[in-house]
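Data block for query13.txt (compact mmCIF, C-alpha atoms and all ligand atoms):
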# COMPACT_ATOMS: atom_id res chain seq x y z
CA GLU A 888 13.86 -18.11 -13.48
CA LEU A 889 10.51 -16.80 -14.60
CA GLY A 890 8.88 -20.22 -14.48
CA PRO A 891 5.40 -20.08 -15.93
CA TYR A 892 5.36 -16.26 -15.94
CA ASP A 893 6.07 -13.81 -18.76
CA HIS A 894 7.50 -11.00 -16.64
CA TYR A 895 9.00 -10.47 -13.21
CA MET A 896 6.16 -8.16 -12.30
CA GLN A 897 3.60 -10.87 -12.98
CA LYS A 898 5.70 -13.43 -11.10
CA GLU A 899 6.07 -11.07 -8.15
CA ILE A 900 2.35 -10.30 -8.08
CA PHE A 901 1.61 -14.01 -7.83
CA GLU A 902 4.34 -14.59 -5.27
CA GLN A 903 2.53 -12.34 -2.82
CA PRO A 904 0.63 -14.95 -0.81
CA GLY A 905 3.90 -16.84 -0.21
CA ALA A 906 5.90 -13.68 0.50
CA LEU A 907 3.33 -12.63 3.05
CA ALA A 908 3.31 -16.03 4.71
CA ASN A 909 7.13 -15.91 4.94
CA THR A 910 7.10 -12.41 6.38
CA LEU A 911 4.58 -13.46 9.00
CA GLU A 912 6.24 -16.77 9.84
CA MET A 913 7.58 -15.69 13.21
CA VAL A 914 4.30 -14.10 14.08
CA SER A 915 2.19 -17.04 12.96
CA ASN A 916 4.20 -19.49 14.99
CA ALA A 917 3.95 -17.44 18.16
CA SER A 918 0.92 -17.75 20.39
CA ALA A 919 1.05 -14.05 21.23
CA LEU A 920 2.78 -10.92 19.99
CA SER A 921 6.02 -9.63 21.44
CA PRO A 922 7.89 -6.34 20.90
CA ASN A 923 11.08 -8.42 20.52
CA LEU A 924 10.05 -9.03 16.92
CA PHE A 925 11.46 -5.54 16.31
CA GLY A 926 14.68 -5.85 18.31
CA ALA A 927 15.95 -6.09 21.85
CA GLU A 928 15.45 -2.40 22.64
CA ALA A 929 11.86 -2.36 21.38
CA VAL A 930 10.10 -2.72 24.75
CA ASP A 931 11.81 0.38 26.14
CA ILE A 932 11.51 2.45 22.98
CA PHE A 933 7.84 1.58 22.51
CA ALA A 934 7.15 2.38 26.16
CA ARG A 935 8.28 5.98 25.69
CA THR A 936 6.81 6.48 22.22
CA GLN A 937 4.10 9.13 22.16
CA GLN A 938 3.90 9.76 18.43
CA ILE A 939 5.18 8.39 15.18
CA LEU A 940 6.81 10.00 12.18
CA ILE A 941 7.08 7.85 9.05
CA LEU A 942 9.46 8.75 6.20
CA ALA A 943 9.42 7.00 2.82
CA CYS A 944 9.20 7.40 -0.97
CA GLY A 945 6.93 6.09 -3.73
CA THR A 946 5.16 2.84 -3.00
CA SER A 947 6.74 2.63 0.45
CA TYR A 948 5.21 6.05 1.17
CA HIS A 949 1.79 4.63 0.31
CA ALA A 950 2.38 1.80 2.80
CA ALA A 951 3.13 4.48 5.39
CA CYS A 952 -0.13 6.27 4.58
CA VAL A 953 -2.11 3.06 5.17
CA ALA A 954 -0.23 2.50 8.43
CA ARG A 955 -1.21 5.96 9.66
CA TYR A 956 -4.88 4.93 9.69
CA TRP A 957 -4.07 1.74 11.59
CA LEU A 958 -1.71 3.41 14.07
CA GLU A 959 -4.21 6.08 15.00
CA SER A 960 -7.34 3.91 15.08
CA VAL A 961 -5.95 0.75 16.66
CA ALA A 962 -2.96 1.90 18.73
CA GLY A 963 -4.14 5.46 19.43
CA LEU A 964 -0.78 6.92 18.38
CA PRO A 965 -0.70 10.27 16.57
CA THR A 966 1.12 9.65 13.29
CA THR A 967 2.61 11.91 10.66
CA VAL A 968 3.72 10.62 7.28
CA GLU A 969 6.18 12.57 5.14
CA ILE A 970 7.62 12.15 1.67
CA ALA A 971 11.31 11.69 2.48
CA SER A 972 12.55 14.05 -0.25
CA GLU A 973 10.42 16.85 1.22
CA TYR A 974 11.08 16.18 4.87
CA ARG A 975 14.85 16.24 4.48
CA TYR A 976 14.79 19.87 3.33
CA ARG A 977 11.87 21.18 5.39
CA THR A 978 12.37 23.20 8.53
CA SER A 979 10.22 21.22 10.92
CA VAL A 980 9.60 21.01 14.64
CA ALA A 981 10.92 17.90 16.39
CA LEU A 982 8.57 16.52 19.02
CA PRO A 983 9.89 14.57 22.01
CA ASN A 984 9.29 10.83 22.32
CA THR A 985 8.80 10.38 18.61
CA LEU A 986 9.46 7.03 17.02
CA VAL A 987 10.93 7.77 13.58
CA MET A 988 10.14 5.02 11.12
CA THR A 989 11.42 4.48 7.62
CA ILE A 990 9.91 2.06 5.14
CA SER A 991 11.86 0.84 2.14
CA GLN A 992 12.16 -2.16 -0.11
CA SER A 993 15.82 -1.60 -0.92
CA GLY A 994 16.99 0.14 2.24
CA GLU A 995 19.20 2.23 -0.05
CA THR A 996 16.90 5.01 -1.25
CA ALA A 997 18.99 8.18 -0.97
CA ASP A 998 16.13 10.48 0.07
CA THR A 999 14.88 8.11 2.77
CA ILE A 1000 18.37 7.70 4.23
CA ALA A 1001 18.88 11.49 4.20
CA ALA A 1002 15.46 12.03 5.82
CA LEU A 1003 16.35 9.59 8.60
CA GLN A 1004 19.64 11.38 9.15
CA HIS A 1005 17.82 14.71 9.22
CA ALA A 1006 15.41 13.45 11.89
CA LYS A 1007 18.35 12.26 13.97
CA SER A 1008 20.06 15.62 13.58
CA LEU A 1009 16.96 17.16 15.17
CA GLY A 1010 17.45 14.92 18.20
CA MET A 1011 15.01 12.12 17.36
CA ASN A 1012 17.01 8.99 17.96
CA ASP A 1013 14.36 6.30 18.40
CA THR A 1014 14.39 4.77 14.95
CA LEU A 1015 12.79 1.75 13.32
CA THR A 1016 12.98 0.54 9.74
CA ILE A 1017 10.78 -1.86 7.82
CA CYS A 1018 12.95 -3.07 5.02
CA ASN A 1019 13.36 -5.97 2.59
CA VAL A 1020 17.16 -6.06 2.45
CA PRO A 1021 19.25 -7.19 5.43
CA GLU A 1022 22.46 -5.22 5.98
CA SER A 1023 21.16 -2.30 3.91
CA ALA A 1024 21.94 1.30 4.89
CA LEU A 1025 18.57 1.85 6.57
CA ILE A 1026 18.92 -1.33 8.60
CA ARG A 1027 22.40 -0.32 9.73
CA GLN A 1028 21.28 3.16 10.68
CA SER A 1029 18.17 2.21 12.67
CA LYS A 1030 17.93 0.92 16.22
CA LEU A 1031 14.93 -1.30 15.55
CA ARG A 1032 14.05 -3.24 12.45
CA PHE A 1033 11.61 -5.66 10.91
CA LEU A 1034 12.71 -7.47 7.80
CA THR A 1035 10.05 -8.21 5.27
CA ARG A 1036 10.70 -11.51 3.57
CA ALA A 1037 9.44 -10.75 0.09
CA GLY A 1038 12.58 -12.16 -1.54
CA PRO A 1039 14.32 -10.24 -4.32
CA GLU A 1040 12.02 -7.87 -6.20
CA ILE A 1041 13.28 -7.46 -9.76
CA GLY A 1042 10.44 -5.60 -11.48
CA VAL A 1043 10.83 -1.83 -11.14
CA ALA A 1044 7.16 -1.60 -10.13
CA SER A 1045 6.98 -2.57 -6.50
CA THR A 1046 4.34 -5.20 -5.70
CA LYS A 1047 5.28 -7.88 -3.19
CA ALA A 1048 7.45 -5.44 -1.25
CA PHE A 1049 4.35 -3.30 -0.68
CA THR A 1050 2.03 -6.02 0.63
CA THR A 1051 4.73 -7.47 2.89
CA GLN A 1052 5.42 -3.97 4.24
CA LEU A 1053 1.73 -3.66 5.05
CA ALA A 1054 1.75 -7.01 6.84
CA ALA A 1055 4.82 -5.95 8.87
CA LEU A 1056 3.20 -2.62 9.69
CA PHE A 1057 0.06 -4.35 10.86
CA VAL A 1058 2.11 -6.52 13.22
CA LEU A 1059 3.78 -3.38 14.55
CA VAL A 1060 0.40 -1.74 15.12
CA LEU A 1061 -0.80 -4.76 17.09
CA VAL A 1062 2.39 -4.86 19.18
CA LEU A 1063 2.12 -1.15 19.99
CA ALA A 1064 -1.60 -1.38 20.74
CA LYS A 1065 -0.97 -4.31 23.05
CA GLN A 1066 1.84 -2.62 24.92
CA ARG A 1067 -0.32 0.47 25.33
CA GLY A 1068 -3.15 -1.61 26.79
CA GLN A 1069 -5.40 -0.93 23.80
CA LEU A 1070 -5.74 -4.50 22.59
CA ALA A 1071 -7.85 -7.00 24.52
CA PRO A 1072 -6.54 -10.60 24.38
CA ALA A 1073 -9.61 -11.76 22.45
CA GLN A 1074 -9.11 -9.01 19.85
CA GLU A 1075 -5.42 -9.88 19.56
CA GLN A 1076 -6.28 -13.49 18.82
CA GLU A 1077 -8.96 -12.48 16.35
CA LEU A 1078 -6.64 -10.15 14.43
CA LEU A 1079 -3.83 -12.70 14.46
CA ALA A 1080 -6.20 -15.27 13.01
CA ALA A 1081 -7.21 -12.79 10.28
CA LEU A 1082 -3.51 -12.22 9.49
CA ARG A 1083 -2.86 -15.94 9.22
CA HIS A 1084 -5.79 -16.29 6.85
CA LEU A 1085 -4.54 -13.47 4.63
CA PRO A 1086 -2.33 -15.50 2.22
CA ALA A 1087 -5.31 -17.72 1.37
CA ALA A 1088 -7.54 -14.69 0.85
CA MET A 1089 -4.89 -13.13 -1.42
CA GLN A 1090 -4.73 -16.32 -3.45
CA HIS A 1091 -8.45 -16.12 -3.92
CA VAL A 1092 -8.33 -12.49 -5.08
CA LEU A 1093 -5.56 -13.26 -7.59
CA GLU A 1094 -7.89 -15.72 -9.30
CA ILE A 1095 -9.81 -12.81 -10.81
CA GLU A 1096 -6.95 -12.18 -13.25
CA PRO A 1097 -8.93 -13.24 -16.37
CA GLN A 1098 -11.69 -10.72 -15.60
CA ILE A 1099 -9.13 -7.98 -15.16
CA GLN A 1100 -7.50 -8.91 -18.46
CA THR A 1101 -10.77 -8.05 -20.16
CA TRP A 1102 -11.01 -4.71 -18.37
CA ALA A 1103 -7.42 -3.81 -19.24
CA LYS A 1104 -8.35 -3.45 -22.91
CA ALA A 1105 -10.57 -0.50 -22.02
CA PHE A 1106 -7.59 1.37 -20.55
CA ALA A 1107 -4.86 0.86 -23.12
CA ASP A 1108 -6.07 3.57 -25.52
CA LYS A 1109 -6.91 6.14 -22.84
CA ARG A 1110 -4.79 9.17 -21.97
CA HIS A 1111 -6.12 9.84 -18.48
CA THR A 1112 -7.62 7.87 -15.63
CA LEU A 1113 -8.92 8.63 -12.18
CA PHE A 1114 -8.58 6.36 -9.14
CA LEU A 1115 -10.94 6.84 -6.22
CA GLY A 1116 -10.87 5.51 -2.69
CA ARG A 1117 -11.77 6.70 0.79
CA GLY A 1118 -10.27 6.31 4.24
CA VAL A 1119 -7.59 3.65 4.51
CA HIS A 1120 -8.23 2.79 0.86
CA TYR A 1121 -7.34 6.26 -0.39
CA PRO A 1122 -3.60 5.38 -0.29
CA ILE A 1123 -4.53 2.17 -2.12
CA ALA A 1124 -6.09 4.27 -4.88
CA GLN A 1125 -2.86 6.34 -4.91
CA GLU A 1126 -0.81 3.18 -5.22
CA GLY A 1127 -3.03 1.94 -8.08
CA ALA A 1128 -2.51 5.24 -9.90
CA LEU A 1129 1.26 5.12 -9.37
CA LYS A 1130 1.41 1.56 -10.77
CA LEU A 1131 -0.59 2.53 -13.85
CA LYS A 1132 1.45 5.61 -14.74
CA GLU A 1133 4.75 3.89 -13.99
CA ILE A 1134 4.33 0.98 -16.38
CA THR A 1135 1.72 2.10 -18.95
CA TYR A 1136 2.62 5.83 -19.13
CA ILE A 1137 -1.10 6.61 -18.91
CA HIS A 1138 -1.75 9.63 -16.76
CA ALA A 1139 -3.44 8.43 -13.58
CA GLU A 1140 -4.51 10.53 -10.65
CA ALA A 1141 -5.89 9.39 -7.34
CA TYR A 1142 -8.42 11.29 -5.30
CA ALA A 1143 -10.09 10.74 -2.00
CA ALA A 1144 -13.61 10.33 -3.37
CA GLY A 1145 -15.07 12.97 -1.07
CA GLU A 1146 -12.79 15.53 -2.70
CA LEU A 1147 -14.34 15.04 -6.18
CA LYS A 1148 -16.66 17.98 -6.15
CA HIS A 1149 -13.83 20.28 -5.07
CA GLY A 1150 -12.35 20.16 -8.54
CA PRO A 1151 -11.65 16.86 -10.29
CA LEU A 1152 -15.31 16.20 -11.14
CA ALA A 1153 -14.84 18.79 -13.88
CA LEU A 1154 -12.50 16.38 -15.67
CA VAL A 1155 -14.93 13.49 -15.83
CA ASP A 1156 -16.22 12.43 -19.23
CA ALA A 1157 -16.65 9.20 -21.16
CA ASP A 1158 -12.97 9.18 -22.18
CA MET A 1159 -11.58 9.03 -18.68
CA PRO A 1160 -12.13 5.65 -16.99
CA VAL A 1161 -12.64 5.89 -13.25
CA VAL A 1162 -11.28 3.05 -11.13
CA VAL A 1163 -12.91 2.70 -7.74
CA VAL A 1164 -11.70 0.89 -4.64
CA ALA A 1165 -15.01 -0.01 -3.01
CA PRO A 1166 -14.66 -2.21 0.07
CA ASN A 1167 -17.70 -2.72 2.26
CA ASP A 1168 -16.39 -0.52 5.05
CA ALA A 1169 -17.92 2.27 7.13
CA LEU A 1170 -17.60 4.75 4.26
CA ILE A 1171 -19.33 2.67 1.59
CA ASP A 1172 -22.56 4.67 1.50
CA LYS A 1173 -20.62 7.90 1.13
CA LEU A 1174 -18.58 6.33 -1.66
CA LYS A 1175 -21.71 5.14 -3.46
CA SER A 1176 -23.04 8.67 -3.64
CA ASN A 1177 -19.65 9.88 -4.95
CA LEU A 1178 -19.99 7.26 -7.70
CA GLN A 1179 -23.42 8.56 -8.67
CA GLU A 1180 -21.85 11.97 -9.14
CA VAL A 1181 -19.36 10.45 -11.60
CA ARG A 1182 -22.04 8.47 -13.44
CA ALA A 1183 -24.23 11.53 -13.80
CA ARG A 1184 -21.38 13.16 -15.78
CA GLY A 1185 -21.00 10.21 -18.13
CA GLY A 1186 -17.91 8.74 -16.42
CA GLU A 1187 -17.36 5.01 -16.89
CA LEU A 1188 -16.78 3.23 -13.60
CA PHE A 1189 -14.56 0.20 -12.99
CA VAL A 1190 -15.35 -0.86 -9.47
CA PHE A 1191 -13.40 -3.30 -7.31
CA ALA A 1192 -15.90 -4.22 -4.63
CA ASP A 1193 -16.24 -6.72 -1.84
CA ARG A 1194 -18.75 -9.53 -2.29
CA ASP A 1195 -20.88 -7.86 0.36
CA THR A 1196 -20.57 -4.31 -1.04
CA HIS A 1197 -23.65 -4.81 -3.26
CA ILE A 1198 -22.89 -2.56 -6.19
CA SER A 1199 -24.57 -3.92 -9.28
CA GLU A 1200 -23.41 -3.89 -12.87
CA GLU A 1201 -25.31 -1.51 -15.10
CA ASP A 1202 -24.66 0.62 -18.11
CA GLY A 1203 -21.27 2.29 -17.56
CA VAL A 1204 -20.70 0.53 -14.24
CA HIS A 1205 -18.43 -2.52 -14.31
CA VAL A 1206 -17.99 -4.44 -11.09
CA ILE A 1207 -15.56 -7.13 -9.96
CA ASN A 1208 -16.20 -8.55 -6.50
CA LEU A 1209 -13.16 -9.73 -4.56
CA VAL A 1210 -14.02 -11.50 -1.30
CA ASP A 1211 -16.13 -10.65 1.74
CA HIS A 1212 -14.90 -7.50 3.44
CA ALA A 1213 -11.63 -8.17 5.30
CA GLY A 1214 -11.95 -5.40 7.89
CA LEU A 1215 -8.70 -3.70 8.85
CA LEU A 1216 -6.71 -5.92 6.49
CA SER A 1217 -8.78 -5.01 3.46
CA PRO A 1218 -6.15 -2.68 1.87
CA ILE A 1219 -3.78 -5.63 1.47
CA LEU A 1220 -6.37 -7.41 -0.67
CA HIS A 1221 -7.63 -4.39 -2.59
CA VAL A 1222 -4.24 -3.43 -3.97
CA LEU A 1223 -3.89 -6.76 -5.80
CA PRO A 1224 -6.42 -6.13 -8.60
CA LEU A 1225 -4.89 -2.69 -9.17
CA GLN A 1226 -1.47 -4.25 -9.69
CA LEU A 1227 -2.99 -6.75 -12.14
CA LEU A 1228 -4.89 -4.04 -13.98
CA SER A 1229 -1.69 -2.05 -14.60
CA TYR A 1230 0.19 -5.15 -15.62
CA HIS A 1231 -2.41 -6.18 -18.18
CA ALA A 1232 -2.94 -2.64 -19.50
CA ALA A 1233 0.85 -2.46 -20.04
CA LEU A 1234 0.77 -5.75 -21.94
CA VAL A 1235 -1.95 -4.44 -24.24
CA LYS A 1236 0.08 -1.26 -24.80
CA GLY A 1237 3.31 -3.19 -25.29
CA THR A 1238 5.41 -1.18 -22.85
CA ASP A 1239 8.43 -2.63 -21.07
CA VAL A 1240 6.71 -3.92 -17.93
CA ASP A 1241 9.77 -4.79 -15.87
CA LYS A 1242 11.93 -1.85 -16.93
CA PRO A 1243 9.75 1.17 -17.55
CA ARG A 1244 11.42 4.07 -19.32
CA ASN A 1245 13.28 6.68 -17.24
CA LEU A 1246 13.13 4.66 -14.00
CA ALA A 1247 15.60 2.72 -11.87
CA LYS A 1248 14.75 -0.02 -9.40
CA SER A 1249 16.60 1.62 -6.58
CA VAL A 1250 16.94 5.39 -6.42
CA THR A 1251 20.31 5.71 -4.75
CA VAL A 1252 21.01 9.25 -5.94
CA GLU A 1253 18.99 12.36 -5.35
O1 LIG B 1301 13.36 0.86 -2.14
P1 LIG B 1301 12.32 1.81 -1.69
O2 LIG B 1301 11.09 1.16 -1.16
O3 LIG B 1301 12.85 2.85 -0.73
O4 LIG B 1301 11.89 2.59 -3.01
C1 LIG B 1301 11.00 3.67 -2.97
C2 LIG B 1301 10.49 4.01 -4.35
O5 LIG B 1301 11.54 4.39 -5.19
C3 LIG B 1301 9.73 2.85 -4.99
O6 LIG B 1301 8.68 2.41 -4.19
C4 LIG B 1301 9.14 3.29 -6.36
O7 LIG B 1301 8.15 4.26 -6.17
C5 LIG B 1301 8.60 2.07 -7.10
N1 LIG B 1301 9.17 1.98 -8.41
C6 LIG B 1301 7.10 2.09 -7.24
O8 LIG B 1301 6.61 0.99 -7.92
Could you render the structure as structure tokens?
Amino acid sequence: ELGPYDHYMQKEIFEQPGALANTLEMVSNASALSPNLFGAEAVDIFARTQQILILACGTSYHAACVARYWLESVAGLPTTVEIASEYRYRTSVALPNTLVMTISQSGETADTIAALQHAKSLGMNDTLTICNVPESALIRQSKLRFLTRAGPEIGVASTKAFTTQLAALFVLVLVLAKQRGQLAPAQEQELLAALRHLPAAMQHVLEIEPQIQTWAKAFADKRHTLFLGRGVHYPIAQEGALKLKEITYIHAEAYAAGELKHGPLALVDADMPVVVVAPNDALIDKLKSNLQEVRARGGELFVFADRDTHISEEDGVHVINLVDHAGLLSPILHVLPLQLLSYHAALVKGTDVDKPRNLAKSVTVE
């Protein structure tokens, strides 16, 4: 079953280009985008949607956080993202014409199901789920759905479910933007072409595995790590930190890089590696000055950059370049090296990669 791979996590990391292509099959074959991809009622529901509330846990929550940037910047829809286990018990104010979305690999996460039910109890009945399992509870309880086609995910650490969720969310953003008159036909075609190219770009990024293997050795004996990102890549830094703590048991914290001097900079020393998500986006110059702040305190930087980011290797600054900057789709590429880094650090440490201690694949109880 594992084929040439040693663990399910490794297999699932490398399955991502194919999983993404499968998830996008219906979209790739169509000449234009249609709301029907989400169900028969989608046109009407999307037409009345004025804001979005996304509920999810863990890695699926990080996908929601990425989607918030896309939904607001491309579709112009105000978006709130909530951790399902918090939302279900919070006294909150329901807004009219809200599309309530859940995101889940399993479709059976108890907190996410309860959060959806809570939203409905407040009168919000326009519901959509992005889920990897047909006939799951979330699918049954939502009016609209998009099934990711990642295939079964066995490793407890979620990898291919995450990137396929992001692809599905991007399609949703384009559909909503189009229906709201915010997407010119030329831009639609351009973004669709970028989506179709994504599996090949992912394949390319995965080829850096040997370089990451070398870096992983620097993490295995560390107790603490910091992950930095900005903008749409801040949730990617959070996802990288979650992966590392989940399978290596190394304490990892993610910060939006601009927040460093509000506290976490005090932690930085030579014993705490700092992983940086450094795409060549609009915030790159800001990020570069955040990195100088870390360097000035003796922090060792491990930077995942784009080829056109232009950060050079120097003492205490290690750089791996992925590909040229992929624009809006960049988070889907930048999470891949973080998955590989955790995987290889876990191998060096000898932890149980596919079944980390204390964790279950699907959290069906509270
Ligand atoms: O099945 P779901 O996507 O609803 O699961 C949510 C989380 O339990 C899950 O993403 C968890 O955080 C993963 N183990 C992270 O790798």
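Going from CA of Leu1174 (chain A) over to CA of Trp957 (chain A), you cover 20.2 Å.
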Subject >> Pick from A:Ala1088, A:Ile1095, A:Leu1031, A:Leu1147 nearest to Ser1217 (chain A), counting all atoms listed in the file >> reply: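 That would be A:Ala1088, the residue with the smallest distance to Ser1217 (chain A).
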Subject >> Counting all atoms listed in the file, the residue of A:Arg975, A:Gly890, A:Gln1066, A:Arg1036 that sits nearest Val930 (chain A) >> reply: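 Counting all atoms listed in the file, the residue closest to Val930 (chain A) is A:Gln1066.
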**OP:** Calculate how many Å separate CA of Leu1078 (chain A) from CA of Lys1047 (chain A), rounding to one decimal.
**Re:**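 Calculated distance between CA of Leu1078 (chain A) and CA of Lys1047 (chain A) is 21.4 Å.
Distance annotation: of A:Phe1191, A:Leu1154, A:Ala934, A:Tyr974, the residue with the minimal separation from Pro922 (chain A) is A:Ala934; atom set is all atoms listed in the file.
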Mind running chain A against ligand LIG 1301 (chain B) at 8 Å and telling me each contacting residue's nearest atom pair with the distance in Å (one decimal), counting all atoms listed in the file, chain and number ascending, as CSV?
residue,atom,partner,partner_atom,distance
A:Ala943,CA,B:LIG1301,O3,6.4
A:Cys944,CA,B:LIG1301,C1,4.6
A:Gly945,CA,B:LIG1301,O7,3.3
A:Thr946,CA,B:LIG1301,O6,3.7
A:Ser947,CA,B:LIG1301,O2,4.9
A:Tyr948,CA,B:LIG1301,O6,7.3
A:Ile990,CA,B:LIG1301,O2,6.5
A:Ser991,CA,B:LIG1301,O2,3.4
A:Gln992,CA,B:LIG1301,O2,3.6
A:Ser993,CA,B:LIG1301,O1,3.7
A:Gly994,CA,B:LIG1301,O1,5.7
A:Glu995,CA,B:LIG1301,O1,6.4
A:Thr996,CA,B:LIG1301,O3,4.6
A:Thr999,CA,B:LIG1301,O3,6.6
A:Cys1018,CA,B:LIG1301,O2,7.7
A:Val1043,CA,B:LIG1301,N1,5.0
A:Ala1044,CA,B:LIG1301,O8,3.4
A:Ser1045,CA,B:LIG1301,O8,3.9
A:Thr1046,CA,B:LIG1301,O8,7.0
A:Ala1048,CA,B:LIG1301,O2,7.5
A:Phe1049,CA,B:LIG1301,O6,8.0
A:Leu1129,CA,B:LIG1301,O8,6.9
A:Lys1130,CA,B:LIG1301,O8,6.0
A:Glu1133,CA,B:LIG1301,O8,7.0
A:Leu1246,CA,B:LIG1301,N1,7.4
A:Ala1247,CA,B:LIG1301,N1,7.3
A:Lys1248,CA,B:LIG1301,N1,6.0
A:Ser1249,CA,B:LIG1301,O1,5.5
A:Val1250,CA,B:LIG1301,O5,5.6
Subject >> Residues within 7 Å of (-1.4, -15.3, 4.8), counting only C-alpha atoms, listed as a list in words >> reply: Pro904, Leu907, Ala908, Leu1082, Arg1083, His1084, Leu1085, Pro1086 and Ala1087 of chain A
**OP:** Give the answer as one residue: which of A:Ala1124, A:Ala1169, A:Leu1015, A:Leu1209 has the shortest atom-to-atom distance to Glu928 (chain A), using all atoms listed in the file?
**Re:** A:Leu1015
**OP:** Determine, counting all atoms listed in the file, which protein, DNA and RNA residues have an atom within 8 Å of an atom of Arg1032 (chain A); residues of the same chain fewer than 6 positions away are not included. Present the result as a VMD selection string.
**Re:** chain A and resid 925 to 926 1015 to 1018 1026
Subject >> Spatial neighbours of Lys898 (chain A), 12 Å, all atoms listed in the file, chain gap at least 5 places, as a PyMOL selection string >> reply: chain A and resi 888-893+903-906+1038-1042+1044-1047+1093+1226-1227+1230+1240-1241
Original post:
Between CA of Thr1196 (chain A) and CA of Ala1165 (chain A), what is the spacing in Å?
Top reply: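 A separation of 7.3 Å between them.
With distances restricted to only C-alpha atoms, A:Leu1063 is the closest residue to Leu958 (chain A) from A:Ala1139, A:Ala1107, A:Leu1063, A:Met1089.
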**OP:** Show which residues sit within 10 Å of Leu924 (chain A), as a PyMOL selection string. Count all atoms listed in the file, and ignore same-chain residues fewer than 5 positions away.
**Re:** chain A and resi 913-914+929+1031-1034+1058-1059+1062
Original post:
Within 10 Å of Glu1094 (chain A), counting all atoms listed in the file, which residues qualify if same-chain residues fewer than 4 places away don't, as a ChimeraX atom specification?
Top reply: /A:901,1089-1090,1098-1099,1209,1224
Keeping only C-alpha atoms, write the selected residues as a PDB file, in the coordinates of the input.
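The resulting file, again-v8.pdb, is reproduced below:
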ATOM      1  CA  PHE A 901       1.610 -14.010  -7.830  1.00  0.00           C
ATOM      2  CA  MET A1089      -4.890 -13.130  -1.420  1.00  0.00           C
ATOM      3  CA  GLN A1090      -4.730 -16.320  -3.450  1.00  0.00           C
ATOM      4  CA  GLN A1098     -11.690 -10.720 -15.600  1.00  0.00           C
ATOM      5  CA  ILE A1099      -9.130  -7.980 -15.160  1.00  0.00           C
ATOM      6  CA  LEU A1209     -13.160  -9.730  -4.560  1.00  0.00           C
ATOM      7  CA  PRO A1224      -6.420  -6.130  -8.600  1.00  0.00           C
TER       8      PRO A1224
END
Here's a test: counting only C-alpha atoms, identify every protein, DNA and RNA residue with an atom at most 12 Å from (4.6, 8.5, 18.5) in the file's coordinate frame, and state them as a tab-separated table (two decimals) with C-alpha atoms, keeping the file's coordinate frame.
chain	number	residue	atom	x	y	z
A	932	ILE	CA	11.51	2.45	22.98
A	933	PHE	CA	7.84	1.58	22.51
A	934	ALA	CA	7.15	2.38	26.16
A	935	ARG	CA	8.28	5.98	25.69
A	936	THR	CA	6.81	6.48	22.22
A	937	GLN	CA	4.10	9.13	22.16
A	938	GLN	CA	3.90	9.76	18.43
A	939	ILE	CA	5.18	8.39	15.18
A	940	LEU	CA	6.81	10.00	12.18
A	941	ILE	CA	7.08	7.85	9.05
A	955	ARG	CA	-1.21	5.96	9.66
A	958	LEU	CA	-1.71	3.41	14.07
A	959	GLU	CA	-4.21	6.08	15.00
A	962	ALA	CA	-2.96	1.90	18.73
A	963	GLY	CA	-4.14	5.46	19.43
A	964	LEU	CA	-0.78	6.92	18.38
A	965	PRO	CA	-0.70	10.27	16.57
A	966	THR	CA	1.12	9.65	13.29
A	967	THR	CA	2.61	11.91	10.66
A	968	VAL	CA	3.72	10.62	7.28
A	981	ALA	CA	10.92	17.90	16.39
A	982	LEU	CA	8.57	16.52	19.02
A	983	PRO	CA	9.89	14.57	22.01
A	984	ASN	CA	9.29	10.83	22.32
A	985	THR	CA	8.80	10.38	18.61
A	986	LEU	CA	9.46	7.03	17.02
A	987	VAL	CA	10.93	7.77	13.58
A	988	MET	CA	10.14	5.02	11.12
A	1011	MET	CA	15.01	12.12	17.36
A	1013	ASP	CA	14.36	6.30	18.40
A	1014	THR	CA	14.39	4.77	14.95
A	1015	LEU	CA	12.79	1.75	13.32
A	1060	VAL	CA	0.40	-1.74	15.12
A	1063	LEU	CA	2.12	-1.15	19.99
A	1064	ALA	CA	-1.60	-1.38	20.74
A	1067	ARG	CA	-0.32	0.47	25.33
Original post:
For Pro1097 (chain A), which of A:Ile970, A:Arg1182, A:Leu1228, A:Gln1125 is the closest residue, counting all atoms listed in the file?
Top reply: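 The closest residue to Pro1097 (chain A) is A:Leu1228.
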